[in-house]
Every structure is written in structure tokens, then in C-alpha cells.
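Q: So I've got this file, model.txt, and it contains compact mmCIF, C-alpha atoms and all ligand atoms:
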```
# COMPACT_ATOMS: atom_id res chain seq x y z
CA MET L 18 67.35 71.28 113.96
CA SER L 19 70.62 70.29 112.27
CA LYS L 20 73.80 69.78 114.19
CA ILE L 21 75.79 72.76 115.53
CA THR L 22 79.55 72.44 116.05
CA LEU L 23 81.53 74.86 118.17
CA HIS L 24 85.18 75.29 117.20
CA LEU L 25 87.20 76.77 120.05
CA GLY L 26 90.57 78.48 119.63
CA GLN L 27 92.12 81.91 119.27
CA THR L 28 90.12 84.12 116.91
CA LEU L 29 90.53 87.46 115.13
CA ALA L 30 87.76 89.68 113.78
CA PHE L 31 88.58 92.55 111.43
CA SER L 32 86.28 95.52 111.00
CA ASP L 33 88.09 96.76 107.86
CA ASN L 34 91.56 96.90 106.33
CA PRO L 35 93.86 97.33 109.37
CA MET L 36 96.31 99.29 107.24
CA ILE L 37 93.71 102.07 107.05
CA GLU L 38 91.87 101.49 110.33
CA GLY L 39 94.90 100.54 112.45
CA PRO L 40 95.60 97.11 114.00
CA ASP L 41 93.91 98.14 117.27
CA THR L 42 90.53 97.82 115.57
CA VAL L 43 91.07 94.06 115.13
CA ARG L 44 89.36 92.09 117.89
CA HIS L 45 91.48 89.25 119.24
CA ASP L 46 89.93 86.58 121.45
CA SER L 47 92.48 84.25 123.08
CA ARG L 48 89.56 81.97 123.97
CA GLY L 49 87.26 82.54 121.04
CA ALA L 50 84.85 80.36 119.12
CA ILE L 51 82.89 79.97 115.94
CA ALA L 52 79.62 78.08 115.75
CA VAL L 53 79.04 76.19 112.49
CA GLN L 54 75.73 74.87 111.21
CA ASP L 55 74.81 73.56 107.74
CA GLY L 56 78.18 74.59 106.31
CA HIS L 57 77.82 78.20 107.41
CA VAL L 58 79.04 80.32 110.30
CA LEU L 59 76.17 80.65 112.73
CA ALA L 60 77.90 82.84 115.30
CA ARG L 61 81.31 84.09 116.40
CA GLY L 62 82.30 85.26 119.86
CA SER L 63 84.00 84.20 123.05
CA ALA L 64 84.08 80.48 123.86
CA ASP L 65 82.16 81.02 127.11
CA GLU L 66 79.45 83.05 125.42
CA LEU L 67 78.91 80.55 122.58
CA ARG L 68 78.96 77.55 124.94
CA ARG L 69 76.17 79.26 126.90
CA SER L 70 74.20 80.04 123.74
CA TYR L 71 74.55 76.53 122.27
CA PRO L 72 74.74 74.11 125.23
CA ALA L 73 73.83 71.07 123.07
CA ALA L 74 76.47 71.75 120.39
CA ASP L 75 79.34 69.39 119.60
CA VAL L 76 82.63 70.94 120.68
CA GLU L 77 86.03 70.74 118.96
CA ASP L 78 88.70 72.43 121.02
CA HIS L 79 91.73 73.58 119.02
CA GLY L 80 93.54 74.91 122.09
CA ALA L 81 95.91 77.79 121.33
CA ARG L 82 95.61 77.39 117.58
CA LEU L 83 94.44 80.43 115.64
CA LEU L 84 91.17 79.94 113.77
CA LEU L 85 91.25 81.96 110.56
CA PRO L 86 89.23 82.10 107.37
CA GLY L 87 90.74 79.78 104.74
CA PHE L 88 93.29 81.68 102.69
CA VAL L 89 92.09 83.24 99.44
CA ASP L 90 94.63 83.15 96.59
CA ALA L 91 93.51 85.84 94.15
CA HIS L 92 95.72 84.88 91.17
CA VAL L 93 97.20 81.49 90.34
CA HIS L 94 97.91 79.37 87.26
CA PHE L 95 97.02 75.80 88.25
CA PRO L 96 98.45 74.40 84.96
CA GLN L 97 101.90 75.64 86.05
CA THR L 98 101.92 73.39 89.14
CA ALA L 99 104.50 70.97 87.68
CA ILE L 100 106.90 73.72 86.49
CA ILE L 101 107.05 75.74 89.72
CA ALA L 102 110.63 76.72 90.61
CA SER L 103 112.03 76.66 87.07
CA TRP L 104 115.44 78.28 86.99
CA GLY L 105 116.97 81.32 85.49
CA LYS L 106 114.55 83.26 83.27
CA ARG L 107 112.71 86.55 83.22
CA LEU L 108 109.07 86.86 82.20
CA ILE L 109 108.97 86.48 78.41
CA ASP L 110 111.75 83.87 78.30
CA TRP L 111 110.17 82.06 81.24
CA LEU L 112 106.82 81.89 79.41
CA ASN L 113 108.43 80.60 76.20
CA THR L 114 110.86 78.17 77.83
CA TYR L 115 108.84 76.61 80.63
CA THR L 116 105.22 77.75 80.65
CA PHE L 117 103.95 77.42 77.11
CA PRO L 118 105.38 73.91 76.53
CA GLU L 119 103.74 72.74 79.78
CA GLU L 120 100.40 74.46 79.03
CA MET L 121 100.29 72.67 75.63
CA ARG L 122 99.75 69.39 77.50
CA PHE L 123 96.35 70.43 78.89
CA GLY L 124 94.44 69.54 75.73
CA ASP L 125 94.65 66.00 77.16
CA PRO L 126 91.73 65.74 79.61
CA GLY L 127 93.49 62.98 81.59
CA TYR L 128 96.57 65.12 82.21
CA ALA L 129 94.44 68.20 82.95
CA SER L 130 92.45 66.26 85.58
CA GLU L 131 95.57 64.79 87.17
CA VAL L 132 97.23 68.20 87.61
CA ALA L 133 94.00 69.92 88.69
CA ALA L 134 93.50 67.34 91.46
CA ARG L 135 97.14 67.60 92.54
CA TYR L 136 96.96 71.39 92.58
CA VAL L 137 93.76 71.73 94.65
CA ASP L 138 95.06 69.19 97.17
CA LEU L 139 98.34 71.09 97.47
CA ALA L 140 96.44 74.35 97.91
CA LEU L 141 94.19 72.86 100.61
CA SER L 142 97.16 71.39 102.48
CA HIS L 143 98.61 74.93 102.56
CA GLY L 144 95.37 76.33 103.98
CA THR L 145 94.02 77.86 100.78
CA THR L 146 90.31 77.18 100.41
CA THR L 147 89.49 79.58 97.56
CA MET L 148 91.54 80.53 94.53
CA CYS L 149 91.10 82.39 91.26
CA SER L 150 92.98 80.46 88.57
CA TYR L 151 93.98 80.88 84.99
CA CYS L 152 93.45 77.63 83.09
CA THR L 153 94.94 77.05 79.59
CA ILE L 154 93.43 77.79 76.18
CA HIS L 155 91.86 74.31 76.29
CA PRO L 156 88.26 74.08 77.54
CA GLU L 157 89.25 70.66 78.98
CA SER L 158 91.52 72.42 81.48
CA VAL L 159 88.62 74.54 82.73
CA THR L 160 86.38 71.52 83.15
CA ALA L 161 89.15 69.64 84.99
CA TYR L 162 89.69 72.57 87.37
CA PHE L 163 86.04 73.16 88.24
CA GLU L 164 85.41 69.43 88.63
CA ALA L 165 88.38 68.97 90.97
CA ALA L 166 87.18 71.88 93.13
CA ALA L 167 83.55 70.71 93.10
CA ARG L 168 84.62 67.25 94.29
CA ARG L 169 86.13 68.92 97.34
CA GLY L 170 83.24 71.36 97.80
CA MET L 171 85.43 74.43 97.28
CA ARG L 172 84.48 77.96 96.24
CA VAL L 173 86.71 78.72 93.27
CA LEU L 174 86.97 81.13 90.37
CA GLY L 175 88.69 80.61 87.04
CA GLY L 176 88.52 80.69 83.30
CA LYS L 177 89.98 79.70 79.96
CA THR L 178 93.15 81.66 79.16
CA CYS L 179 92.76 83.25 75.73
CA MET L 180 95.70 83.83 73.35
CA ASP L 181 95.61 84.33 69.58
CA ARG L 182 99.15 85.58 68.90
CA ASN L 183 102.74 85.40 70.18
CA ALA L 184 102.22 81.88 71.47
CA PRO L 185 103.33 78.60 69.84
CA ASP L 186 101.30 76.48 67.45
CA GLY L 187 98.86 74.40 69.45
CA LEU L 188 98.49 77.08 72.09
CA ARG L 189 96.52 79.70 70.16
CA ASP L 190 92.80 80.18 69.73
CA THR L 191 91.17 82.92 67.64
CA ALA L 192 89.07 85.96 68.48
CA GLN L 193 85.92 84.05 67.58
CA SER L 194 86.79 80.72 69.23
CA ALA L 195 87.94 82.53 72.40
CA TYR L 196 84.56 84.26 72.56
CA ASP L 197 82.59 81.08 71.76
CA ASP L 198 84.52 78.76 74.10
CA SER L 199 84.55 81.28 76.96
CA LYS L 200 80.81 81.85 76.56
CA ALA L 201 80.03 78.12 76.56
CA LEU L 202 82.20 77.56 79.65
CA LEU L 203 80.68 80.57 81.38
CA GLN L 204 77.19 79.23 80.73
CA ALA L 205 78.20 75.78 81.97
CA TRP L 206 80.00 76.86 85.13
CA HIS L 207 79.21 80.38 86.33
CA GLY L 208 77.11 80.07 89.48
CA GLN L 209 77.19 76.28 89.28
CA GLY L 210 77.60 75.15 92.89
CA ARG L 211 80.43 77.27 94.28
CA ALA L 212 82.09 78.03 90.91
CA SER L 213 82.45 81.45 89.28
CA TYR L 214 83.62 81.90 85.72
CA VAL L 215 86.28 84.54 85.03
CA ILE L 216 86.79 85.95 81.53
CA THR L 217 90.54 85.57 80.98
CA PRO L 218 92.58 87.26 78.25
CA ARG L 219 96.15 86.28 79.28
CA PHE L 220 97.69 89.73 78.59
CA SER L 221 97.82 92.22 75.74
CA PRO L 222 100.96 90.76 74.06
CA THR L 223 99.19 87.44 73.40
CA SER L 224 95.85 88.83 72.22
CA THR L 225 95.11 90.71 69.01
CA PRO L 226 92.95 93.83 69.33
CA GLU L 227 90.16 91.73 67.76
CA GLN L 228 90.41 89.14 70.53
CA LEU L 229 90.49 91.79 73.25
CA SER L 230 87.37 93.37 71.72
CA ALA L 231 85.57 90.02 71.49
CA LEU L 232 86.26 89.34 75.18
CA GLY L 233 85.28 92.92 76.06
CA ALA L 234 81.96 92.27 74.31
CA LEU L 235 81.49 89.02 76.26
CA TRP L 236 82.19 90.88 79.52
CA ALA L 237 79.62 93.54 78.60
CA GLU L 238 77.07 90.74 78.13
CA HIS L 239 78.02 89.21 81.53
CA PRO L 240 79.10 92.09 83.76
CA ASP L 241 78.60 89.99 86.90
CA CYS L 242 81.54 87.77 85.86
CA PRO L 243 84.99 88.90 86.91
CA MET L 244 87.64 89.48 84.23
CA GLN L 245 91.30 88.74 84.95
CA THR L 246 94.48 89.63 83.12
CA HIS L 247 98.10 90.75 83.68
CA LEU L 248 99.22 94.37 83.79
CA SER L 249 102.64 96.08 83.91
CA GLU L 250 104.62 93.23 85.42
CA GLN L 251 108.06 93.78 83.80
CA THR L 252 109.61 96.74 82.02
CA ASP L 253 110.50 94.63 78.90
CA GLU L 254 106.88 93.52 78.69
CA ILE L 255 105.68 97.14 78.91
CA ALA L 256 108.04 98.15 76.08
CA TRP L 257 106.67 95.24 74.00
CA VAL L 258 103.09 96.38 74.64
CA ARG L 259 104.07 99.88 73.50
CA ASP L 260 105.36 98.42 70.19
CA LEU L 261 102.30 96.22 69.69
CA PHE L 262 99.78 98.99 70.50
CA PRO L 263 101.42 102.23 69.29
CA GLN L 264 98.15 104.15 69.57
CA ALA L 265 97.55 103.23 73.25
CA ARG L 266 98.18 105.86 75.95
CA ASP L 267 99.68 103.23 78.24
CA TYR L 268 99.38 99.49 79.06
CA LEU L 269 96.02 99.87 80.84
CA ASP L 270 94.66 101.65 77.78
CA THR L 271 95.12 98.46 75.72
CA TYR L 272 92.43 96.95 77.97
CA GLU L 273 90.36 100.11 78.40
CA ALA L 274 90.08 100.65 74.64
CA HIS L 275 88.64 97.14 74.21
CA GLY L 276 86.07 97.12 77.01
CA LEU L 277 88.34 95.32 79.50
CA LEU L 278 88.54 97.92 82.27
CA GLY L 279 85.87 97.68 84.95
CA ALA L 280 84.98 97.30 88.60
CA ASN L 281 84.97 93.52 88.29
CA GLY L 282 88.43 93.53 86.71
CA LEU L 283 91.40 91.81 88.36
CA TYR L 284 94.74 93.17 87.23
CA GLY L 285 97.65 90.93 88.21
CA HIS L 286 101.00 92.44 89.27
CA ALA L 287 100.43 96.14 88.41
CA ILE L 288 103.95 97.06 89.49
CA HIS L 289 105.13 99.72 87.05
CA LEU L 290 101.99 101.87 86.81
CA GLU L 291 101.82 105.35 85.28
CA PRO L 292 99.90 108.02 87.23
CA ARG L 293 97.05 107.85 84.70
CA GLU L 294 96.77 104.11 85.14
CA ARG L 295 96.59 104.41 88.93
CA ASP L 296 93.94 107.12 88.66
CA ARG L 297 91.78 105.17 86.20
CA LEU L 298 92.01 101.94 88.19
CA ARG L 299 90.91 103.78 91.32
CA GLU L 300 88.10 105.60 89.51
CA VAL L 301 86.59 102.40 88.11
CA GLY L 302 87.30 100.33 91.24
CA GLY L 303 89.28 97.55 89.51
CA ALA L 304 91.34 95.37 91.84
CA LEU L 305 95.13 95.04 91.77
CA VAL L 306 96.54 91.66 92.69
CA HIS L 307 99.95 91.60 94.36
CA CYS L 308 102.03 88.47 93.68
CA PRO L 309 105.19 89.02 95.73
CA THR L 310 106.98 85.66 95.45
CA SER L 311 106.53 85.84 91.68
CA ASN L 312 107.76 89.42 91.53
CA THR L 313 111.00 88.56 93.30
CA PHE L 314 111.41 85.13 91.65
CA ILE L 315 110.99 86.38 88.05
CA GLY L 316 112.68 89.66 88.96
CA SER L 317 109.74 91.92 88.10
CA GLY L 318 109.92 94.73 90.67
CA LEU L 319 108.53 96.05 93.93
CA PHE L 320 104.75 96.57 94.19
CA ASP L 321 103.74 99.82 95.90
CA MET L 322 101.42 98.31 98.53
CA ALA L 323 101.41 101.28 100.90
CA GLY L 324 100.93 103.91 98.20
CA LEU L 325 98.16 102.02 96.45
CA ILE L 326 96.16 101.03 99.54
CA THR L 327 96.35 104.47 101.11
CA ALA L 328 95.24 105.92 97.77
CA GLY L 329 92.11 103.77 98.09
CA GLN L 330 92.87 101.00 95.56
CA ARG L 331 91.44 97.53 96.12
CA VAL L 332 94.36 95.12 96.53
CA GLY L 333 94.39 91.31 96.75
CA LEU L 334 97.24 88.93 97.50
CA ALA L 335 98.24 85.91 95.46
CA THR L 336 100.83 83.21 94.89
CA ASP L 337 100.88 83.41 91.05
CA THR L 338 102.03 79.78 91.10
CA GLY L 339 104.15 78.74 89.05
CA GLY L 340 105.70 82.19 88.34
CA GLY L 341 105.36 82.45 92.09
CA SER L 342 107.70 80.15 93.95
CA SER L 343 105.28 78.75 96.56
CA PHE L 344 101.80 77.31 97.06
CA SER L 345 101.72 78.85 100.53
CA MET L 346 99.91 82.07 101.38
CA LEU L 347 102.08 82.19 104.53
CA ARG L 348 105.20 82.35 102.35
CA THR L 349 103.34 84.87 100.17
CA MET L 350 102.63 87.11 103.17
CA ALA L 351 106.32 86.87 104.12
CA ALA L 352 107.32 87.96 100.63
CA ALA L 353 104.80 90.84 100.73
CA TYR L 354 106.41 91.94 103.99
CA GLU L 355 109.89 91.78 102.45
CA VAL L 356 108.87 93.64 99.28
CA ALA L 357 107.24 96.38 101.37
CA GLN L 358 110.37 96.60 103.55
CA LEU L 359 112.43 97.22 100.41
CA ARG L 360 110.08 100.17 99.77
CA GLY L 361 110.49 101.50 103.30
CA MET L 362 107.26 100.19 104.85
CA ALA L 363 106.82 97.47 107.49
CA LEU L 364 103.41 95.83 106.92
CA HIS L 365 101.75 94.92 110.22
CA PRO L 366 100.90 91.22 110.72
CA ALA L 367 97.24 92.26 110.91
CA THR L 368 97.49 93.77 107.43
CA LEU L 369 99.21 90.65 106.06
CA LEU L 370 96.54 88.32 107.48
CA TRP L 371 93.79 90.63 106.26
CA LEU L 372 95.25 90.67 102.73
CA ALA L 373 95.45 86.85 102.59
CA THR L 374 91.83 86.41 103.64
CA GLU L 375 89.36 89.29 103.60
CA GLY L 376 91.43 91.56 101.35
CA SER L 377 91.67 88.98 98.58
CA ALA L 378 87.99 88.12 99.05
CA HIS L 379 87.17 91.83 98.65
CA ALA L 380 89.32 92.02 95.53
CA LEU L 381 87.36 89.07 94.10
CA ARG L 382 84.07 90.59 95.37
CA ILE L 383 83.16 87.46 97.33
CA ALA L 384 83.71 88.79 100.87
CA ASP L 385 80.00 88.39 101.56
CA ARG L 386 80.57 84.61 101.27
CA VAL L 387 84.13 83.74 102.31
CA GLY L 388 87.22 85.30 103.87
CA THR L 389 85.75 86.80 107.05
CA LEU L 390 84.05 84.11 109.21
CA ALA L 391 81.28 86.62 109.82
CA PRO L 392 77.92 85.03 110.74
CA GLY L 393 76.02 83.92 107.64
CA THR L 394 79.16 83.34 105.54
CA GLU L 395 80.41 79.95 104.35
CA ALA L 396 82.40 78.00 106.95
CA ASP L 397 85.74 77.70 105.13
CA PHE L 398 88.39 78.00 107.84
CA ILE L 399 91.74 76.77 109.08
CA ALA L 400 93.43 76.12 112.41
CA LEU L 401 96.91 77.63 112.41
CA ASP L 402 99.56 76.13 114.70
CA LEU L 403 101.68 79.02 115.98
CA ALA L 404 104.47 76.66 117.12
CA SER L 405 104.73 74.29 114.13
CA THR L 406 108.53 73.93 114.11
CA PRO L 407 111.14 74.21 116.84
CA ALA L 408 112.46 77.46 115.33
CA ILE L 409 109.00 79.04 115.27
CA ALA L 410 108.02 77.63 118.68
CA GLN L 411 111.03 79.12 120.47
CA ARG L 412 110.28 82.54 118.97
CA SER L 413 106.52 82.56 119.54
CA ALA L 414 107.06 81.40 123.15
CA ARG L 415 108.47 84.87 123.88
CA ALA L 416 105.52 86.74 122.38
CA SER L 417 103.77 89.33 124.46
CA ASP L 418 100.71 89.68 122.21
CA ILE L 419 98.96 87.86 119.36
CA TRP L 420 100.81 89.81 116.66
CA GLU L 421 104.20 88.84 118.03
CA ALA L 422 102.92 85.27 118.37
CA VAL L 423 101.71 85.00 114.78
CA PHE L 424 104.47 86.91 112.96
CA PRO L 425 107.08 84.07 113.20
CA THR L 426 104.56 81.74 111.54
CA ILE L 427 103.92 84.31 108.80
CA MET L 428 107.66 84.67 108.18
CA MET L 429 108.83 81.07 108.68
CA GLY L 430 105.70 78.91 108.44
CA ASP L 431 104.67 76.48 105.73
CA ASP L 432 102.16 73.64 105.36
CA ARG L 433 103.31 72.21 108.71
CA ALA L 434 101.57 75.18 110.37
CA ILE L 435 98.21 74.22 108.84
CA ALA L 436 96.78 72.01 111.59
CA GLY L 437 93.33 71.63 110.04
CA VAL L 438 91.25 72.83 107.08
CA TRP L 439 87.44 72.89 106.90
CA VAL L 440 85.41 73.54 103.74
CA MET L 441 81.72 74.33 104.30
CA GLY L 442 82.24 73.03 107.84
CA GLU L 443 83.62 69.64 106.63
CA ARG L 444 87.16 68.75 107.61
CA ARG L 445 89.35 68.32 104.50
CA VAL L 446 92.91 68.33 105.92
N1 LIG T 1 102.07 87.29 82.08
C1 LIG T 1 101.42 86.61 81.11
N2 LIG T 1 101.28 85.31 81.43
C2 LIG T 1 101.85 85.16 82.64
C3 LIG T 1 102.03 84.04 83.50
O1 LIG T 1 101.63 82.91 83.23
N3 LIG T 1 102.68 84.29 84.66
C4 LIG T 1 103.13 85.53 85.00
N4 LIG T 1 103.76 85.71 86.15
N5 LIG T 1 103.00 86.58 84.20
C5 LIG T 1 102.36 86.40 83.03
ZN ZN T 2 99.80 85.27 86.46
```
Produce C-alpha cells that represent the structure in this file.
A:
Amino acid sequence: MSKITLHLGQTLAFSDNPMIEGPDTVRHDSRGAIAVQDGHVLARGSADELRRSYPAADVEDHGARLLLPGFVDAHVHFPQTAIIASWGKRLIDWLNTYTFPEEMRFGDPGYASEVAARYVDLALSHGTTTMCSYCTIHPESVTAYFEAAARRGMRVLGGKTCMDRNAPDGLRDTAQSAYDDSKALLQAWHGQGRASYVITPRFSPTSTPEQLSALGALWAEHPDCPMQTHLSEQTDEIAWVRDLFPQARDYLDTYEAHGLLGANGLYGHAIHLEPRERDRLREVGGALVHCPTSNTFIGSGLFDMAGLITAGQRVGLATDTGGGSSFSMLRTMAAAYEVAQLRGMALHPATLLWLATEGSAHALRIADRVGTLAPGTEADFIALDLASTPAIAQRSARASDIWEAVFPTIMMGDDRAIAGVWVMGERRV
């Protein structure tokens, strides 16, 4: 029999979204454990119980650290790693000034590999073990991303960003080449190891109707692949979409009319939705991805977390690096809390942690594999130090329960709080 390792620490087990079920349904074990064998979670329970069940197991005791699933970042642009925190622009200007010139560089496989490696290492050091990334129009950028993740054994999702208009020379494909390149990459990578391919039209302003239709056709041929795009992020962008697609009922309709609305769809931002768009997204079961540091940094608006979740929408959480201003899902949870506060709702720490792990995994439809630490799932997990800086330590020392103990780390924590990261049971950080 192969080796079993018991990891001891504080643990949390969610039965469902605590925003709907209530935080009392979350089971907290101050002396909990997970048993790991062959890269998978074998069992989860109290430390005493698992020590009795597996007396011959190796034991790693993480003390008062909180063992959590690795964070799942449901929307990121790895090629924007080097231009994170670029000053002073709103969406369209930001894309033209900072993003597109940087993305042009990814036709060079050497540069693409260098940034992909840097990005996945930064993500891991911040406790993120799975992400869903946009690459650039260059197939080389997709190869670099999947190779960097595979070298570290990570479960990742991503795809070639397609654009055939309103982008500079050197950063446009065509309807046909977007279809052909995406198909070839999908065949090379989807289901290869822990990789999933995501069909990726950037957003309606940078795709002609012909390109949207070609990618809709590809999705119809491969409905098990996710599809990701951007939706209703800024009001100027929405007005531009209205000009470009005068016949469309709304922004979502520009996707719907071309076969790009579906249950496996991931719609980033989704801030300024019309009632019809909300209804259609709920009917088809598409996921909305909230990117709060991006929404405040680029000045996009305040996502309606409470309204959308209570209406039954699937919602994931994401950094949107480099429109987002951090690689950290802790910082992202803090921003989600602040955005919700500005809309009159205080998100419970249980909800924030759920969103950054299980919620994002549900949005990506991979919660049967990662994001929960349920027995049988892949052993991607972190140990979170709840006293990682003097400021956090003095606050958490006063806590009367786990939620009060973890909230200062959510609000003030960064990569210093990530005391360890395991991917398929192997320590990576
Ligand atoms: N909309 C289209 N492309 C992008 C991007 O790269 N970042 C963000 N935040 N929004 C977008
Ligand atoms: Zn984005």
C-alpha cells in the first residue's frame, strides 16, 4: 500500500454556499486533519479520529494553521503579469496603452515561457493552485502556459485569446485562423494531464460576428470545453458594443446570437447587467466571475454579489491580473468584501473563503476534483498562517471564534500568510 500522510491543523468543511445555507452549516475543526494518499484526499475528519484510523501514517502537524483547499482563480490574464499596476486608465485606454503592446510580445516563445513560469510561481506563492487564464492570440503563449503548469503538476484551464478587429497590427487573427488554432490547441491540451482548454473570444468589441460564429461552432463541437469571455464591465464598453452590434438586444445577445451562451460559459465581470441578461444567464446556468480588485482599479463598478447569488446565479471569484491589482486571492476576498459593503451587504468570512475555493471551482465545473478537500478529490491545499504579521497577530489573538480569527488575514493578509502549498499532495511552497 502506498504511503499515507496525515496533515493536522484547523479545518473547515462546507456543505454548500454559506451565503445561502448560513455560516453555521460550515463545520470547523480546531484540531482537524486530512489524510492524503497518491495525490488525493483519502479522508477528512478530526485529528484523533484519523490518527486512530491510520496509525502507520506519516504525520505533519501544522499547529493552529488553517488547512484550506488551494485557491481557485477563475479569471486571470497571465500575459499581463509584467504590466500589473499600470497607472491612470480606464478599460479601453488601459487595453490600448498597456495591455495590447505587452501581449504583442508573446509571439516569442522564449518570452512567453519566461512570463508563464514567473506567473505560475507567483500564483503558487500566493496560495493559488488552480487558475483559468486568458493567453494571447499566439498559440505559443498557450503552449508556454500549459507547459509551465504541467511542470508543477497543477490543474489549470486556459485558452488562446481570439481577436480579429479593434486590436493593433500583429495582435489580430481571423475568424478562420481563430477557429483552426483554437481547435488544434484544444486537441493538443484538453484533458492532457490536468489541463483543460477554454475557448476564448476576448470580448465582442474585438471579434467580428464571423469570428464569434466560428468560435460558437467550435464550442458546439466541443461542449465539454468551457468558454470564457468578458461581459458588461464598463459603461463605455457597453455603449461601444451597442454601436458595433445595432441589432443585438443587449451585450449578452452578441454572444447568444453566435452560439456563445451556455452552461459551460464563464462571463467575466458582469457588472452592469440588464434584467434580461440576468434572467438568461440564470436560465442557461452560465457562471459570472467577479473580479473585485480589477473593478475598483480600472473603475468599472460594483458587482451585485448578494442579488446575483440569492437569485441562484453561479458566481466565481478572480483576480483578473493585470487589470486586477493583485495576485492574491486573500486581497481579492478583501476587495469583494469592500465592494459588497459599498452595496450595503457585509459578506461573511465563510462566504468569502467559499467563493475563493469551492465557489470558483463550481463556476469552472471542476468542484468534483479540486476546491473542497472532500475525500476522493485531488490533494491541492494550503496551510494559512492566521498570525502572519504583527498587525494581524494582535487582532486574531482577540478572536472568539474561527471567523473572527480568519477575517484579519482575509482583510490584511498577503503571501506571507501562505505557510505551505501542496499540489497533488507534493509540497510546492
Ligand atoms: N476586456 C477585454 N479584455 C480585457 C482584459 O484584458 N482585462 C479586463 N479587465 N477587461 C477586458
Ligand atoms: Zn479579464
Q: Could the residues of chain L that have an atom at most 10 Å from ligand ZN 2 (chain T) be listed as a tab-separated table, each with its closest atom pair and the distance in Å to one decimal, counting only C-alpha atoms and all ligand atoms and ordered by chain and ascending residue number?
A:
```
residue	atom	partner	partner_atom	distance
L:Ala91	CA	T:ZN2	ZN	10.0
L:His92	CA	T:ZN2	ZN	6.2
L:Val93	CA	T:ZN2	ZN	6.0
L:His94	CA	T:ZN2	ZN	6.2
L:Gln97	CA	T:ZN2	ZN	9.9
L:Ser150	CA	T:ZN2	ZN	8.6
L:Tyr151	CA	T:ZN2	ZN	7.4
L:Arg219	CA	T:ZN2	ZN	8.1
L:Phe220	CA	T:ZN2	ZN	9.3
L:Gln245	CA	T:ZN2	ZN	9.3
L:Thr246	CA	T:ZN2	ZN	7.6
L:His247	CA	T:ZN2	ZN	6.4
L:Leu248	CA	T:ZN2	ZN	9.5
L:Glu250	CA	T:ZN2	ZN	9.4
L:Tyr284	CA	T:ZN2	ZN	9.4
L:Gly285	CA	T:ZN2	ZN	6.3
L:His286	CA	T:ZN2	ZN	7.8
L:Val306	CA	T:ZN2	ZN	9.5
L:Cys308	CA	T:ZN2	ZN	8.2
L:Ser311	CA	T:ZN2	ZN	8.5
L:Ala335	CA	T:ZN2	ZN	9.2
L:Thr336	CA	T:ZN2	ZN	8.7
L:Asp337	CA	T:ZN2	ZN	5.1
L:Thr338	CA	T:ZN2	ZN	7.5
L:Gly339	CA	T:ZN2	ZN	8.3
L:Gly340	CA	T:ZN2	ZN	6.9
L:Gly341	CA	T:ZN2	ZN	8.4
```
Q: Out of L:Ala212, L:Ala280, L:Ala414, L:Cys152, which residue has the shortest atom-to-atom distance to L:Arg168 when counting all atoms listed in the file?
A: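 So, comparing all the options, the nearest one is L:Ala212.
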Q: Write out as a list in words the residues lying within 10 Å of L:Val301, counting only C-alpha atoms and excluding same-chain residues fewer than 5 positions away.
A: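 Returned residues: Leu278, Gly279, Ala280, Asn281, Gly282, Asp296 and Gln330 of chain L.
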Q: Fewer than 3 positions away in the same chain doesn't count, so skip those; otherwise give me all residues within 12 Å of stretch 260-263 of chain L, counting all atoms listed in the file, as a list in words.
A: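 Non-adjacent residues within range: Arg182, Asn183, Phe220, Ser221, Pro222, Thr223, Ser224, Thr225, Pro226, Asp253, Glu254, Ile255, Ala256, Trp257, Arg266, Asp267, Tyr268, Leu269, Asp270, Thr271, Tyr272, Ala274 and His275 of chain L.
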Q: Within 12 Å of (95.0, 101.0, 108.5), all atoms listed in the file: residues as a list in words?
A: Phe31, Ser32, Asp33, Asn34, Pro35, Met36, Ile37, Glu38, Gly39, Pro40, Asp41, Thr42, Val43, Ala323, Ile326, Thr327, Ala328, Gly329, Leu364, His365, Pro366, Ala367, Thr368, Leu369, Trp371 and Leu372 of chain L
Q: Expressed in Å to a single decimal, how great is the separation between atom CA of L:Ser130 and atom CA of L:Glu164?
A: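 Distance between the two atoms: 8.3 Å.
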Q: Which residue is closest to ligand LIG 1 (chain T)? Choose from L:Thr406, L:Thr191, L:Ser342, L:Ser213 and count only C-alpha atoms and all ligand atoms.
A: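 Of all the options, L:Ser342 lies closest to ligand LIG 1 (chain T).
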Q: Could you check the closest approach to L:Val58 for each of L:Pro392, L:Gly26, L:Pro425, L:Gly276 and tell me which residue wins, using only C-alpha atoms?
A: L:Pro392
Q: What is the atom CA of L:Ile419 to atom CA of L:Val446 distance in Å?
A: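 It comes out at 24.5 Å.
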Q: Kindly indicate which residue among L:Arg189, L:Met428, L:Val438, L:Tyr214 lies nearest to L:Phe163, using all atoms listed in the file for the distances.
A: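 Closest candidate: L:Tyr214.
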